[in-house]
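Shown below: start-v2.cif, with mmCIF, C-alpha atoms.
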data_target
loop_
_atom_site.label_atom_id
_atom_site.label_comp_id
_atom_site.auth_asym_id
_atom_site.auth_seq_id
_atom_site.Cartn_x
_atom_site.Cartn_y
_atom_site.Cartn_z
CA MET A 18 -111.51 -127.40 -149.22
CA SER A 19 -114.08 -130.08 -148.48
CA ALA A 20 -112.95 -133.58 -147.54
CA LYS A 21 -114.12 -134.81 -150.96
CA LYS A 22 -112.07 -132.19 -152.83
CA ILE A 23 -109.02 -132.89 -150.65
CA VAL A 24 -109.12 -136.61 -151.42
CA ILE A 25 -109.69 -136.06 -155.14
CA GLN A 26 -106.79 -133.61 -155.37
CA ALA A 27 -104.47 -135.72 -153.22
CA THR A 28 -105.13 -138.97 -155.07
CA THR A 29 -104.82 -137.22 -158.45
CA GLU A 30 -101.35 -136.00 -157.51
CA LEU A 31 -100.33 -139.28 -155.87
CA PHE A 32 -101.70 -141.85 -158.33
CA GLY A 33 -102.37 -139.74 -161.40
CA ALA A 34 -99.19 -137.65 -161.52
CA LYS A 35 -97.34 -140.34 -159.48
CA ASP A 36 -95.67 -137.59 -157.50
CA PRO A 37 -94.07 -138.83 -154.25
CA SER A 38 -93.70 -135.21 -153.05
CA ALA A 39 -97.50 -135.03 -152.84
CA VAL A 40 -97.18 -137.08 -149.65
CA ASP A 41 -95.62 -134.03 -147.98
CA ARG A 42 -98.50 -131.81 -149.08
CA TRP A 43 -101.46 -134.07 -148.39
CA VAL A 44 -100.59 -136.79 -145.88
CA ALA A 45 -100.59 -136.48 -142.09
CA ALA A 46 -97.47 -137.36 -140.13
CA ASP A 47 -99.42 -140.06 -138.26
CA TYR A 48 -101.01 -141.55 -141.42
CA ARG A 49 -102.41 -144.97 -140.59
CA GLN A 50 -102.45 -147.59 -143.32
CA HIS A 51 -104.81 -150.59 -143.50
CA SER A 52 -104.13 -151.66 -147.10
CA ALA A 53 -102.31 -154.90 -147.82
CA LEU A 54 -100.24 -153.09 -150.47
CA ALA A 55 -98.23 -150.61 -148.37
CA THR A 56 -96.38 -150.28 -145.11
CA ASP A 57 -97.55 -147.85 -142.45
CA GLY A 58 -97.12 -144.09 -142.35
CA PRO A 59 -96.23 -141.46 -144.94
CA ALA A 60 -92.99 -143.27 -145.78
CA GLY A 61 -94.89 -146.40 -146.83
CA LEU A 62 -97.17 -144.40 -149.10
CA ARG A 63 -94.23 -142.47 -150.54
CA ASP A 64 -92.47 -145.76 -151.37
CA LEU A 65 -95.63 -147.10 -153.03
CA VAL A 66 -96.07 -144.01 -155.20
CA ALA A 67 -92.38 -143.89 -156.11
CA GLY A 68 -92.59 -147.47 -157.34
CA LEU A 69 -95.58 -146.95 -159.66
CA GLY A 70 -94.90 -147.75 -163.30
CA ASP A 71 -95.79 -145.58 -166.27
CA ASP A 72 -98.69 -147.89 -167.12
CA VAL A 73 -100.42 -147.36 -163.78
CA ARG A 74 -103.61 -145.33 -163.97
CA TYR A 75 -106.90 -145.02 -162.09
CA ASP A 76 -110.31 -144.68 -163.72
CA GLY A 77 -112.69 -143.28 -161.12
CA ALA A 78 -116.37 -144.17 -161.13
CA ARG A 79 -117.80 -142.74 -157.89
CA VAL A 80 -116.83 -140.53 -154.96
CA LEU A 81 -118.87 -140.40 -151.74
CA ALA A 82 -118.24 -138.10 -148.80
CA ASP A 83 -119.61 -138.63 -145.30
CA GLY A 84 -118.16 -136.32 -142.67
CA ASP A 85 -114.42 -136.98 -142.48
CA LEU A 86 -114.66 -140.17 -144.57
CA VAL A 87 -114.41 -140.23 -148.37
CA ALA A 88 -114.94 -143.39 -150.42
CA LEU A 89 -113.70 -143.93 -153.97
CA HIS A 90 -114.93 -146.60 -156.38
CA GLY A 91 -113.06 -147.26 -159.59
CA VAL A 92 -110.61 -149.35 -161.59
CA TYR A 93 -106.83 -149.53 -161.21
CA HIS A 94 -104.73 -150.40 -164.26
CA GLY A 95 -101.09 -151.48 -164.19
CA PHE A 96 -100.88 -153.00 -160.70
CA GLY A 97 -100.83 -156.47 -162.22
CA PRO A 98 -101.59 -158.38 -165.41
CA GLU A 99 -105.28 -157.44 -165.24
CA PRO A 100 -107.18 -154.35 -164.07
CA LEU A 101 -108.41 -154.30 -160.47
CA VAL A 102 -111.77 -152.98 -159.32
CA GLY A 103 -111.36 -151.24 -156.00
CA PHE A 104 -112.93 -149.38 -153.15
CA ASP A 105 -110.77 -146.95 -151.17
CA ILE A 106 -111.78 -145.17 -147.97
CA PHE A 107 -109.81 -142.21 -146.67
CA ARG A 108 -110.22 -140.37 -143.38
CA VAL A 109 -109.36 -136.67 -143.55
CA ASP A 110 -108.21 -134.99 -140.33
CA ALA A 111 -109.01 -131.53 -139.01
CA ASP A 112 -105.94 -130.11 -140.76
CA GLY A 113 -107.16 -131.29 -144.17
CA LYS A 114 -104.64 -134.14 -144.41
CA LEU A 115 -105.15 -137.78 -145.32
CA ALA A 116 -104.97 -139.52 -141.95
CA GLU A 117 -106.11 -143.09 -142.57
CA HIS A 118 -106.79 -145.45 -145.48
CA TRP A 119 -108.62 -148.72 -146.10
CA ASP A 120 -109.14 -150.56 -149.39
CA ALA A 121 -110.25 -153.74 -151.13
CA LEU A 122 -109.40 -154.91 -154.65
CA THR A 123 -110.65 -157.64 -156.96
CA PRO A 124 -109.85 -158.56 -160.58
CA GLN A 125 -112.00 -156.90 -163.22
CA ILE A 126 -114.23 -159.44 -164.98
CA THR A 127 -115.06 -158.71 -168.61
CA THR A 128 -117.98 -161.15 -168.99
CA THR A 129 -120.64 -160.90 -166.28
CA VAL A 130 -123.92 -162.74 -165.74
CA SER A 131 -125.99 -159.53 -165.72
CA GLY A 132 -124.19 -157.95 -168.67
CA ARG A 133 -123.30 -155.00 -166.45
CA THR A 134 -119.73 -154.10 -165.55
CA GLN A 135 -118.46 -153.95 -161.98
CA VAL A 136 -118.46 -150.14 -162.03
CA ASP A 137 -121.00 -148.86 -164.57
CA GLY A 138 -124.36 -147.33 -163.71
CA PRO A 139 -125.43 -144.11 -161.95
CA ALA A 140 -122.56 -142.21 -160.37
CA THR A 141 -123.74 -138.71 -159.44
CA VAL A 142 -125.14 -138.01 -155.98
CA THR A 143 -128.47 -136.21 -156.46
CA GLU A 144 -130.60 -136.91 -153.39
CA THR A 145 -128.60 -135.48 -150.49
CA ALA A 146 -131.76 -134.84 -148.47
CA GLN A 147 -132.29 -138.60 -148.29
CA THR A 148 -128.85 -139.41 -146.89
CA GLU A 149 -129.87 -140.21 -143.32
CA ALA A 150 -133.01 -142.13 -144.30
CA ASN A 151 -130.99 -144.22 -146.75
CA ARG A 152 -128.25 -144.78 -144.18
CA ALA A 153 -130.84 -146.04 -141.70
CA LEU A 154 -132.45 -148.35 -144.29
CA VAL A 155 -129.18 -149.97 -145.36
CA THR A 156 -127.90 -150.22 -141.78
CA GLU A 157 -131.04 -152.08 -140.71
CA PHE A 158 -130.76 -154.30 -143.81
CA ALA A 159 -127.14 -155.08 -142.87
CA GLU A 160 -128.02 -155.91 -139.28
CA ARG A 161 -131.13 -158.00 -139.97
CA VAL A 162 -130.37 -159.66 -143.31
CA LEU A 163 -126.61 -159.72 -143.79
CA VAL A 164 -125.48 -160.31 -140.21
CA GLY A 165 -128.75 -161.69 -138.83
CA ALA A 166 -129.38 -163.90 -141.90
CA ASP A 167 -133.13 -163.24 -141.71
CA TYR A 168 -134.01 -163.51 -145.40
CA SER A 169 -137.74 -163.48 -144.64
CA VAL A 170 -137.55 -159.67 -144.50
CA LEU A 171 -135.46 -159.27 -147.68
CA THR A 172 -138.25 -157.55 -149.63
CA ASP A 173 -138.68 -155.01 -146.84
CA PHE A 174 -135.36 -153.57 -148.00
CA ILE A 175 -134.71 -154.64 -151.62
CA SER A 176 -137.07 -153.71 -154.43
CA THR A 177 -138.97 -156.59 -156.03
CA GLU A 178 -139.22 -154.59 -159.26
CA THR A 179 -135.69 -153.30 -159.85
CA TYR A 180 -132.45 -154.67 -158.47
CA ASP A 181 -129.59 -153.93 -160.87
CA GLN A 182 -126.68 -156.20 -160.09
CA HIS A 183 -122.96 -155.53 -160.68
CA ASN A 184 -121.51 -158.57 -158.94
CA PRO A 185 -120.12 -160.42 -161.98
CA GLU A 186 -121.60 -163.79 -160.93
CA ALA A 187 -125.18 -162.67 -160.25
CA ALA A 188 -128.05 -161.77 -162.57
CA ASP A 189 -130.34 -158.81 -161.98
CA GLY A 190 -133.23 -159.05 -159.54
CA LEU A 191 -133.78 -160.94 -156.32
CA ALA A 192 -134.06 -164.18 -158.25
CA GLY A 193 -130.66 -163.56 -159.79
CA PHE A 194 -129.11 -162.97 -156.38
CA GLY A 195 -130.81 -166.08 -154.98
CA ALA A 196 -129.51 -168.26 -157.80
CA ALA A 197 -125.98 -166.95 -157.33
CA ALA A 198 -126.11 -167.52 -153.57
CA ALA A 199 -127.25 -171.11 -154.16
CA ARG A 200 -124.34 -171.73 -156.53
CA TRP A 201 -121.89 -170.24 -154.06
CA ALA A 202 -123.25 -172.46 -151.27
CA VAL A 203 -122.65 -175.56 -153.40
CA GLN A 204 -119.06 -174.33 -153.85
CA GLY A 205 -118.67 -174.00 -150.07
CA LYS A 206 -118.84 -170.20 -150.22
CA ASN A 207 -121.76 -169.22 -148.04
CA LEU A 208 -122.25 -165.47 -147.58
CA VAL A 209 -121.44 -164.93 -143.91
CA TYR A 210 -121.32 -161.39 -142.50
CA LYS A 211 -119.98 -161.10 -138.96
CA THR A 212 -119.21 -157.41 -138.37
CA ILE A 213 -120.25 -154.19 -140.10
CA HIS A 214 -117.27 -151.90 -139.60
CA ARG A 215 -118.33 -148.74 -141.45
CA VAL A 216 -121.40 -147.26 -143.13
CA ILE A 217 -120.65 -144.38 -145.50
CA ALA A 218 -123.66 -142.61 -146.97
CA GLU A 219 -124.20 -139.71 -149.33
CA GLY A 220 -127.53 -139.18 -151.02
CA GLU A 221 -128.82 -142.32 -152.68
CA PHE A 222 -125.54 -144.23 -152.22
CA VAL A 223 -124.57 -146.21 -149.11
CA LEU A 224 -121.31 -148.15 -148.78
CA LEU A 225 -120.89 -150.93 -146.21
CA GLN A 226 -117.45 -152.11 -145.15
CA SER A 227 -117.88 -155.49 -143.47
CA GLU A 228 -115.97 -158.52 -142.25
CA GLY A 229 -117.06 -162.11 -142.69
CA GLU A 230 -116.50 -165.31 -144.60
CA PHE A 231 -116.97 -166.42 -148.20
CA GLY A 232 -115.33 -169.82 -148.04
CA VAL A 233 -112.37 -168.00 -146.45
CA PRO A 234 -112.20 -164.89 -144.24
CA VAL A 235 -113.01 -161.86 -146.40
CA ALA A 236 -113.59 -158.13 -146.43
CA TYR A 237 -116.92 -157.20 -147.99
CA TYR A 238 -117.37 -153.78 -149.59
CA ASP A 239 -121.01 -153.45 -150.69
CA LEU A 240 -122.28 -150.28 -152.37
CA PHE A 241 -126.04 -149.87 -152.60
CA ARG A 242 -128.19 -147.33 -154.43
CA VAL A 243 -131.52 -146.54 -152.84
CA ALA A 244 -134.62 -145.17 -154.59
CA GLY A 245 -138.11 -144.87 -153.18
CA ALA A 246 -136.99 -146.25 -149.80
CA LYS A 247 -135.81 -149.54 -151.37
CA ILE A 248 -132.41 -150.81 -152.49
CA VAL A 249 -132.41 -150.88 -156.29
CA GLU A 250 -128.75 -151.41 -157.26
CA HIS A 251 -125.64 -153.14 -155.91
CA TRP A 252 -121.89 -153.10 -156.57
CA ASP A 253 -119.33 -155.00 -154.51
CA VAL A 254 -115.80 -156.18 -153.92
CA ILE A 255 -115.18 -159.37 -151.94
CA ALA A 256 -111.50 -159.58 -151.01
CA PRO A 257 -109.79 -162.39 -149.06
CA ILE A 258 -108.15 -161.24 -145.84
CA PRO A 259 -104.38 -161.86 -146.08
CA ALA A 260 -102.75 -164.00 -143.43
CA GLU A 261 -100.12 -161.29 -142.99
CA LEU A 262 -100.08 -157.53 -143.54
CA PRO A 263 -97.08 -155.18 -143.98
CA HIS A 264 -98.18 -153.23 -140.88
CA PRO A 265 -99.79 -153.95 -137.46
CA ASN A 266 -103.03 -152.03 -138.10
CA GLY A 267 -105.29 -154.79 -139.42
CA LEU A 268 -107.48 -154.58 -142.52
CA PHE A 269 -110.31 -152.73 -140.74
#

File written out as structure tokens:
Amino acid sequence: MSAKKIVIQATTELFGAKDPSAVDRWVAADYRQHSALATDGPAGLRDLVAGLGDDVRYDGARVLADGDLVALHGVYHGFGPEPLVGFDIFRVDADGKLAEHWDALTPQITTTVSGRTQVDGPATVTETAQTEANRALVTEFAERVLVGADYSVLTDFISTETYDQHNPEAADGLAGFGAAAARWAVQGKNLVYKTIHRVIAEGEFVLLQSEGEFGVPVAYYDLFRVAGAKIVEHWDVIAPIPAELPHPNGLF
């Protein structure tokens, strides 16, 4: 099975069927956890699954595979009083087992500035031949604009014609993003990117996992869709970094 199929099957059994025994079938003995929701190792994941209520469900939106890394984008229901939009990244080892996991979650917002939801839009990977070109484009954008804060080159990377926005506080287009960034700055929440930890690309989709500040230390998960060598769509989760985690592995 491919890494993508392994992760889909494993997560379906774990979080769909809520079957703790799936840990024995799909999870490596040295499973390394980075989530703030579970302790380390297979035992921590087994305890999490065993504690899931009947109302817990996951509505998947996208799945991206890049070598041994698989990223999921979707909505979790039943983990709290409101649904949570999340990104999950799994590393699959050579034996076809889940070996490592990272995630970020944020409350689902029903009313957004753009009118788009946090997960709607294109979902199917169609342009696999463009994977490496799109990876290179988004990586350079991350280094020069996000980390380097050189906004003079923004239009070298983001389309001036189409920029569909799924951040709930930003309108479509570069002007919409600029207006949102100005509001955030007034609130003391400047977009500061310090480290790009992972770049996961498949076809027209590229996911960045980054560390920085947004008023407080945060994990940024930014998913971009590329068309015609320009970024044309954006989804994200911005999650505060907890002061303490239930394991020693860190969030990244």

Point to revise | Output of the PyMOL selection byres ((chain A and resi 216) around 8), listed as a list of chain:residue names | key: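 Selection result, ordered by chain and number: A:Arg152, A:Thr156, A:Ile213, A:His214, A:Arg215, A:Ile217, A:Ala218, A:Val223, A:Leu224, A:Leu225, A:Gln226.
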
Exercise for review: Check which residues satisfy the PyMOL selection byres ((chain A and resi 247-253) around 9) in the file shown, then give them as a PyMOL selection string.
Suggested key: chain A and resi 103-104+135-136+138+151+154-155+172-184+189-190+237-246+254-255

Check your understanding: How far is it from CA of Phe32 in chain A to CA of His94 in chain A, in Å with one decimal?
Key ->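 We find that CA of Phe32 in chain A and CA of His94 in chain A lie 10.8 Å from each other.
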
Exercise for review: Take the point (-113.4, -143.7, -155.1) in the file's coordinates, draw a sphere of radius 9 Å around it, and report as a list in words every protein, DNA or RNA residue with an atom inside or on it, counting all atoms listed in the file.
Suggested key: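 Answer for this query, in the requested form: Ile25, Gly77, Ala78, Arg79, Val80, Leu81, Val87, Ala88, Leu89, His90, Gly91, Gly103, Phe104, Asp105 and Ile106 of chain A.
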
Exercise on range 253-256 of chain A, axis-aligned box with 4 Å per side, report centre and edge lengths in Å to one decimal, as lines of an AutoDock Vina configuration file:
center_x = -115.4
center_y = -157.3
center_z = -152.8
size_x = 15.8
size_y = 12.6
size_z = 11.5

Take the PyMOL selection byres ((chain A and resi 69) around 10), apply it to the structure above, and return the hits as a PDB file with C-alpha atoms, keeping the file's coordinate frame.
ATOM      1  CA  LEU A  31    -100.330-139.280-155.870  1.00  0.00           C
ATOM      2  CA  PHE A  32    -101.700-141.850-158.330  1.00  0.00           C
ATOM      3  CA  LYS A  35     -97.340-140.340-159.480  1.00  0.00           C
ATOM      4  CA  ASP A  36     -95.670-137.590-157.500  1.00  0.00           C
ATOM      5  CA  PRO A  37     -94.070-138.830-154.250  1.00  0.00           C
ATOM      6  CA  ASP A  64     -92.470-145.760-151.370  1.00  0.00           C
ATOM      7  CA  LEU A  65     -95.630-147.100-153.030  1.00  0.00           C
ATOM      8  CA  VAL A  66     -96.070-144.010-155.200  1.00  0.00           C
ATOM      9  CA  ALA A  67     -92.380-143.890-156.110  1.00  0.00           C
ATOM     10  CA  GLY A  68     -92.590-147.470-157.340  1.00  0.00           C
ATOM     11  CA  GLY A  70     -94.900-147.750-163.300  1.00  0.00           C
ATOM     12  CA  ASP A  71     -95.790-145.580-166.270  1.00  0.00           C
ATOM     13  CA  ASP A  72     -98.690-147.890-167.120  1.00  0.00           C
ATOM     14  CA  VAL A  73    -100.420-147.360-163.780  1.00  0.00           C
ATOM     15  CA  ARG A  74    -103.610-145.330-163.970  1.00  0.00           C
ATOM     16  CA  GLY A  95    -101.090-151.480-164.190  1.00  0.00           C
ATOM     17  CA  PHE A  96    -100.880-153.000-160.700  1.00  0.00           C
TER      18      PHE A  96
END

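For the residues A:Glu219, A:Glu117, A:Val24, A:Glu186, ranking by smallest atom-to-atom distance to Ala150 in chain A using all atoms listed in the file places A:Glu219 first.
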
Practice item. Fewer than 3 positions away in the same chain doesn't count, so skip those; otherwise give me all residues within 7 Å of Trp119 in chain A, counting only C-alpha atoms, as a PyMOL selection string. Key: chain A and resi 50-52+105-107+268-269

Point to revise | Length of the CA of Val44 in chain A to CA of Val235 in chain A vector [Å] | key: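 Taking CA of Val44 in chain A as the start and CA of Val235 in chain A as the end point, the length is 28.0 Å.
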
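Going from CA of Asp167 in chain A to CA of Phe231 in chain A covers 17.7 Å.
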
For the contact check between range 128-168 of chain A and range 195-199 of chain A, emit one row per residue of range 128-168 of chain A within 12 Å, containing the shortest atom pair and the distance in Å rounded to one decimal, counting all atoms listed in the file, chain then rising number order, as a Markdown table.
| residue | atom | partner | partner_atom | distance |
| --- | --- | --- | --- | --- |
| A:Val130 | CA | A:Ala197 | CA | 9.6 |
| A:Ser131 | CA | A:Ala197 | CA | 11.2 |
| A:Tyr168 | CA | A:Gly195 | CA | 10.4 |

Using the partial input, fill out range 26-37 of chain A with all heavy atoms; write the result as a PDB file, in the frame of the given file.
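The resulting result-v9.pdb:
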ATOM      1  N   GLN A  26    -108.031-134.281-154.990  1.00  0.00           N
ATOM      2  CA  GLN A  26    -106.790-133.610-155.370  1.00  0.00           C
ATOM      3  C   GLN A  26    -105.572-134.427-154.955  1.00  0.00           C
ATOM      4  O   GLN A  26    -104.624-134.598-155.732  1.00  0.00           O
ATOM      5  CB  GLN A  26    -106.723-132.219-154.740  1.00  0.00           C
ATOM      6  CG  GLN A  26    -105.511-131.398-155.153  1.00  0.00           C
ATOM      7  CD  GLN A  26    -105.485-131.090-156.636  1.00  0.00           C
ATOM      8  OE1 GLN A  26    -106.522-130.843-157.246  1.00  0.00           O
ATOM      9  NE2 GLN A  26    -104.296-131.113-157.236  1.00  0.00           N
ATOM     10  N   ALA A  27    -105.606-134.946-153.725  1.00  0.00           N
ATOM     11  CA  ALA A  27    -104.470-135.720-153.220  1.00  0.00           C
ATOM     12  C   ALA A  27    -104.237-136.976-154.042  1.00  0.00           C
ATOM     13  O   ALA A  27    -103.104-137.281-154.438  1.00  0.00           O
ATOM     14  CB  ALA A  27    -104.691-136.073-151.756  1.00  0.00           C
ATOM     15  N   THR A  28    -105.296-137.719-154.321  1.00  0.00           N
ATOM     16  CA  THR A  28    -105.130-138.970-155.070  1.00  0.00           C
ATOM     17  C   THR A  28    -104.761-138.704-156.530  1.00  0.00           C
ATOM     18  O   THR A  28    -104.048-139.503-157.143  1.00  0.00           O
ATOM     19  CB  THR A  28    -106.394-139.839-154.985  1.00  0.00           C
ATOM     20  OG1 THR A  28    -107.540-139.082-155.401  1.00  0.00           O
ATOM     21  CG2 THR A  28    -106.614-140.327-153.553  1.00  0.00           C
ATOM     22  N   THR A  29    -105.217-137.584-157.076  1.00  0.00           N
ATOM     23  CA  THR A  29    -104.820-137.220-158.450  1.00  0.00           C
ATOM     24  C   THR A  29    -103.320-136.979-158.519  1.00  0.00           C
ATOM     25  O   THR A  29    -102.640-137.440-159.447  1.00  0.00           O
ATOM     26  CB  THR A  29    -105.576-135.967-158.910  1.00  0.00           C
ATOM     27  OG1 THR A  29    -106.978-136.257-158.963  1.00  0.00           O
ATOM     28  CG2 THR A  29    -105.106-135.524-160.290  1.00  0.00           C
ATOM     29  N   GLU A  30    -102.785-136.270-157.522  1.00  0.00           N
ATOM     30  CA  GLU A  30    -101.350-136.000-157.510  1.00  0.00           C
ATOM     31  C   GLU A  30    -100.540-137.261-157.198  1.00  0.00           C
ATOM     32  O   GLU A  30     -99.473-137.489-157.769  1.00  0.00           O
ATOM     33  CB  GLU A  30    -101.026-134.897-156.504  1.00  0.00           C
ATOM     34  CG  GLU A  30    -101.610-133.544-156.890  1.00  0.00           C
ATOM     35  CD  GLU A  30    -101.248-132.439-155.912  1.00  0.00           C
ATOM     36  OE1 GLU A  30    -100.226-132.584-155.213  1.00  0.00           O
ATOM     37  OE2 GLU A  30    -101.987-131.436-155.848  1.00  0.00           O
ATOM     38  N   LEU A  31    -101.070-138.087-156.287  1.00  0.00           N
ATOM     39  CA  LEU A  31    -100.330-139.280-155.870  1.00  0.00           C
ATOM     40  C   LEU A  31    -100.357-140.364-156.941  1.00  0.00           C
ATOM     41  O   LEU A  31     -99.312-140.903-157.311  1.00  0.00           O
ATOM     42  CB  LEU A  31    -100.923-139.832-154.567  1.00  0.00           C
ATOM     43  CG  LEU A  31    -100.673-139.003-153.302  1.00  0.00           C
ATOM     44  CD1 LEU A  31    -101.602-139.439-152.187  1.00  0.00           C
ATOM     45  CD2 LEU A  31     -99.213-139.145-152.862  1.00  0.00           C
ATOM     46  N   PHE A  32    -101.557-140.697-157.442  1.00  0.00           N
ATOM     47  CA  PHE A  32    -101.700-141.850-158.330  1.00  0.00           C
ATOM     48  C   PHE A  32    -101.918-141.473-159.788  1.00  0.00           C
ATOM     49  O   PHE A  32    -101.773-142.324-160.660  1.00  0.00           O
ATOM     50  CB  PHE A  32    -102.837-142.741-157.828  1.00  0.00           C
ATOM     51  CG  PHE A  32    -102.591-143.265-156.447  1.00  0.00           C
ATOM     52  CD1 PHE A  32    -103.263-142.737-155.357  1.00  0.00           C
ATOM     53  CD2 PHE A  32    -101.669-144.267-156.228  1.00  0.00           C
ATOM     54  CE1 PHE A  32    -103.026-143.207-154.075  1.00  0.00           C
ATOM     55  CE2 PHE A  32    -101.417-144.750-154.950  1.00  0.00           C
ATOM     56  CZ  PHE A  32    -102.091-144.207-153.871  1.00  0.00           C
ATOM     57  N   GLY A  33    -102.273-140.211-160.029  1.00  0.00           N
ATOM     58  CA  GLY A  33    -102.370-139.740-161.400  1.00  0.00           C
ATOM     59  C   GLY A  33    -101.028-139.217-161.882  1.00  0.00           C
ATOM     60  O   GLY A  33    -100.447-139.726-162.843  1.00  0.00           O
ATOM     61  N   ALA A  34    -100.501-138.206-161.184  1.00  0.00           N
ATOM     62  CA  ALA A  34     -99.190-137.650-161.520  1.00  0.00           C
ATOM     63  C   ALA A  34     -98.052-138.522-161.015  1.00  0.00           C
ATOM     64  O   ALA A  34     -96.902-138.341-161.415  1.00  0.00           O
ATOM     65  CB  ALA A  34     -99.060-136.238-160.949  1.00  0.00           C
ATOM     66  N   LYS A  35     -98.351-139.448-160.088  1.00  0.00           N
ATOM     67  CA  LYS A  35     -97.340-140.340-159.480  1.00  0.00           C
ATOM     68  C   LYS A  35     -96.200-139.529-158.875  1.00  0.00           C
ATOM     69  O   LYS A  35     -95.022-139.779-159.109  1.00  0.00           O
ATOM     70  CB  LYS A  35     -96.810-141.330-160.520  1.00  0.00           C
ATOM     71  CG  LYS A  35     -97.908-142.199-161.110  1.00  0.00           C
ATOM     72  CD  LYS A  35     -97.433-142.925-162.344  1.00  0.00           C
ATOM     73  CE  LYS A  35     -98.650-143.485-163.081  1.00  0.00           C
ATOM     74  NZ  LYS A  35     -98.492-143.489-164.528  1.00  0.00           N
ATOM     75  N   ASP A  36     -96.613-138.543-158.085  1.00  0.00           N
ATOM     76  CA  ASP A  36     -95.670-137.590-157.500  1.00  0.00           C
ATOM     77  C   ASP A  36     -95.450-137.902-156.023  1.00  0.00           C
ATOM     78  O   ASP A  36     -96.306-137.589-155.189  1.00  0.00           O
ATOM     79  CB  ASP A  36     -96.228-136.174-157.661  1.00  0.00           C
ATOM     80  CG  ASP A  36     -95.303-135.120-157.089  1.00  0.00           C
ATOM     81  OD1 ASP A  36     -94.203-135.467-156.617  1.00  0.00           O
ATOM     82  OD2 ASP A  36     -95.705-133.929-157.100  1.00  0.00           O
ATOM     83  N   PRO A  37     -94.309-138.509-155.649  1.00  0.00           N
ATOM     84  CA  PRO A  37     -94.070-138.830-154.250  1.00  0.00           C
ATOM     85  C   PRO A  37     -94.062-137.598-153.334  1.00  0.00           C
ATOM     86  O   PRO A  37     -94.383-137.710-152.144  1.00  0.00           O
ATOM     87  CB  PRO A  37     -92.694-139.507-154.259  1.00  0.00           C
ATOM     88  CG  PRO A  37     -92.523-140.010-155.658  1.00  0.00           C
ATOM     89  CD  PRO A  37     -93.225-139.003-156.517  1.00  0.00           C
TER      90      PRO A  37
END
